[in-house]
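Participant: If it helps, the file is called coords_4.cif and holds mmCIF, C-alpha atoms:
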data_protein
loop_
_atom_site.label_atom_id
_atom_site.label_comp_id
_atom_site.auth_asym_id
_atom_site.auth_seq_id
_atom_site.Cartn_x
_atom_site.Cartn_y
_atom_site.Cartn_z
CA MET H 1 -20.64 -25.45 22.97
CA GLN H 2 -24.04 -24.48 21.69
CA PRO H 3 -25.57 -21.13 22.72
CA ASP H 4 -28.46 -22.77 24.57
CA THR H 5 -26.03 -24.90 26.59
CA ARG H 6 -24.05 -21.82 27.54
CA LYS H 7 -27.29 -20.05 28.51
CA LEU H 8 -28.27 -22.94 30.83
CA LEU H 9 -24.88 -22.93 32.53
CA VAL H 10 -24.78 -19.14 32.94
CA THR H 11 -28.35 -19.04 34.25
CA GLY H 12 -27.71 -21.87 36.73
CA ALA H 13 -24.52 -20.24 37.98
CA SER H 14 -26.25 -16.87 38.33
CA ILE H 15 -29.11 -18.34 40.36
CA LEU H 16 -26.58 -20.21 42.52
CA ILE H 17 -24.70 -16.98 43.23
CA VAL H 18 -27.94 -15.21 44.21
CA GLY H 19 -28.84 -18.06 46.59
CA ALA H 20 -25.38 -18.12 48.14
CA LEU H 21 -25.46 -14.34 48.57
CA ALA H 22 -28.87 -14.59 50.27
CA ILE H 23 -27.48 -17.14 52.74
CA LEU H 24 -24.42 -15.02 53.41
CA LEU H 25 -26.57 -11.94 54.06
CA MET H 26 -28.97 -13.91 56.25
CA LEU H 27 -26.12 -15.16 58.43
CA THR H 28 -24.31 -11.83 58.73
CA VAL H 29 -26.15 -8.61 57.89
CA PHE H 30 -29.73 -9.71 58.60
CA GLY H 31 -29.22 -10.75 62.20
CA GLY H 32 -28.11 -14.37 62.04
CA VAL H 33 -30.01 -17.59 62.65
CA SER H 34 -30.92 -19.51 65.78
CA ARG H 35 -32.60 -22.90 66.25
CA GLN H 36 -35.96 -21.22 65.69
CA GLY H 37 -34.95 -19.48 62.47
CA PRO H 38 -33.67 -16.09 61.40
CA HIS H 39 -33.96 -13.20 63.86
CA THR H 40 -35.38 -10.56 61.48
CA ASN H 41 -37.98 -10.28 58.73
CA SER H 42 -35.18 -9.61 56.25
CA GLY H 43 -33.51 -12.80 57.41
CA TRP H 44 -36.70 -14.76 56.74
CA LEU H 45 -36.97 -13.26 53.26
CA ALA H 46 -33.34 -14.17 52.56
CA LEU H 47 -34.02 -17.72 53.76
CA ILE H 48 -37.04 -18.02 51.46
CA LEU H 49 -35.00 -16.66 48.55
CA ALA H 50 -32.18 -19.11 49.26
CA LEU H 51 -34.59 -22.06 49.53
CA GLY H 52 -36.00 -21.14 46.15
CA CYS H 53 -32.73 -20.39 44.39
CA LEU H 54 -30.46 -23.20 45.52
CA PRO H 55 -32.49 -26.24 44.36
CA THR H 56 -33.43 -24.47 41.13
CA SER H 57 -29.80 -23.61 40.40
CA ILE H 58 -28.62 -27.16 41.10
CA PHE H 59 -31.15 -28.63 38.68
CA THR H 60 -30.39 -25.99 36.04
CA LEU H 61 -26.67 -26.65 36.34
CA LEU H 62 -27.22 -30.42 36.15
CA LEU H 63 -29.28 -29.95 33.01
CA GLY H 64 -26.58 -27.71 31.53
CA VAL H 65 -23.81 -30.19 32.33
CA ALA H 66 -25.82 -33.07 30.85
CA LYS H 67 -26.48 -31.03 27.71
CA LEU H 68 -22.79 -30.10 27.51
CA ALA H 69 -21.84 -33.78 27.74
CA GLY H 70 -24.32 -34.58 24.97
CA ASP H 71 -23.00 -31.74 22.81
CA LEU H 72 -19.41 -32.90 23.25
CA SER H 73 -20.37 -36.51 22.52
CA ARG H 74 -22.24 -35.48 19.39
CA GLN H 75 -19.33 -33.28 18.30
CA ARG H 76 -16.82 -36.14 18.74
CA ARG H 77 -19.11 -38.55 16.86
CA ASP H 78 -19.57 -36.09 13.97
CA THR H 79 -15.87 -35.26 13.79
CA GLY H 80 -14.80 -38.92 13.97
CA SER H 81 -17.10 -40.04 11.14
CA HIS H 82 -15.57 -37.65 8.58
#
Have the structure of the file written as structure tokens, please.

Facilitator:
Amino acid sequence: MQPDTRKLLVTGASILIVGALAILLMLTVFGGVSRQGPHTNSGWLALILALGCLPTSIFTLLLGVAKLAGDLSRQRRDTGSH
């Protein structure tokens, strides 16, 4: 695995963890959520953070997985030709 591929996967996983933690905090510590949204200002900030982190992390992880697949394919092709 190339260093840039590893960096993409680690970054995507880190952003995903931050988004999941924001959701967990919003639902528990920051007052919960009703049909009209979170009950506190901290809950709203956690929601905004989660809505920013989760899509970004999914796309970063998808890019990392695609790059990993390309790296492995290239490695097999280079190893098989020798």

Participant: Using the chain letters and residue numbers of this document, give as JSON, numbers by chain the residues selected by the PyMOL selection byres ((chain H and resi 38) around 12).

Facilitator: {"H": [23, 25, 26, 27, 28, 29, 30, 31, 32, 33, 34, 35, 36, 37, 39, 40, 41, 42, 43, 44, 45, 46, 47, 48]}

Participant: Let me see the file: selected residues, C-alpha atoms, as a PDB file, in the coordinates of the input.

Facilitator:
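Listing of result_8.pdb after writing:
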ATOM      1  CA  ILE H  23     -27.480 -17.140  52.740  1.00  0.00           C
ATOM      2  CA  LEU H  25     -26.570 -11.940  54.060  1.00  0.00           C
ATOM      3  CA  MET H  26     -28.970 -13.910  56.250  1.00  0.00           C
ATOM      4  CA  LEU H  27     -26.120 -15.160  58.430  1.00  0.00           C
ATOM      5  CA  THR H  28     -24.310 -11.830  58.730  1.00  0.00           C
ATOM      6  CA  VAL H  29     -26.150  -8.610  57.890  1.00  0.00           C
ATOM      7  CA  PHE H  30     -29.730  -9.710  58.600  1.00  0.00           C
ATOM      8  CA  GLY H  31     -29.220 -10.750  62.200  1.00  0.00           C
ATOM      9  CA  GLY H  32     -28.110 -14.370  62.040  1.00  0.00           C
ATOM     10  CA  VAL H  33     -30.010 -17.590  62.650  1.00  0.00           C
ATOM     11  CA  SER H  34     -30.920 -19.510  65.780  1.00  0.00           C
ATOM     12  CA  ARG H  35     -32.600 -22.900  66.250  1.00  0.00           C
ATOM     13  CA  GLN H  36     -35.960 -21.220  65.690  1.00  0.00           C
ATOM     14  CA  GLY H  37     -34.950 -19.480  62.470  1.00  0.00           C
ATOM     15  CA  HIS H  39     -33.960 -13.200  63.860  1.00  0.00           C
ATOM     16  CA  THR H  40     -35.380 -10.560  61.480  1.00  0.00           C
ATOM     17  CA  ASN H  41     -37.980 -10.280  58.730  1.00  0.00           C
ATOM     18  CA  SER H  42     -35.180  -9.610  56.250  1.00  0.00           C
ATOM     19  CA  GLY H  43     -33.510 -12.800  57.410  1.00  0.00           C
ATOM     20  CA  TRP H  44     -36.700 -14.760  56.740  1.00  0.00           C
ATOM     21  CA  LEU H  45     -36.970 -13.260  53.260  1.00  0.00           C
ATOM     22  CA  ALA H  46     -33.340 -14.170  52.560  1.00  0.00           C
ATOM     23  CA  LEU H  47     -34.020 -17.720  53.760  1.00  0.00           C
ATOM     24  CA  ILE H  48     -37.040 -18.020  51.460  1.00  0.00           C
TER      25      ILE H  48
END

Participant: Which residues, written as a PyMOL selection string, have at least one atom at most 12 Å from stretch 13-19 of chain H, with only C-alpha atoms counted and residues fewer than 2 positions away on the same chain left out?

Facilitator: chain H and resi 6-11+21-26+45-65

Participant: Have a look at atom CA of H:Ala69 and atom CA of H:Gly12 and let me know their distance in Å, one decimal.

Facilitator: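 Atom-to-atom, atom CA of H:Ala69 to atom CA of H:Gly12, that is 16.0 Å.
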
Participant: Given 6 Å on each side, where is the centre and what are the edge lengths in Å to one decimal of the axis-aligned box enclosing the listed atoms of stretch 45-53 of chain H, as JSON?

Facilitator:
{"center_x": -34.6, "center_y": -17.7, "center_z": 49.1, "size_x": 16.9, "size_y": 20.8, "size_z": 21.4}

Participant: Provide the atom CA of H:Leu68 to atom CA of H:Gln2 distance in Å, to one decimal place.

Facilitator: 8.2 Å
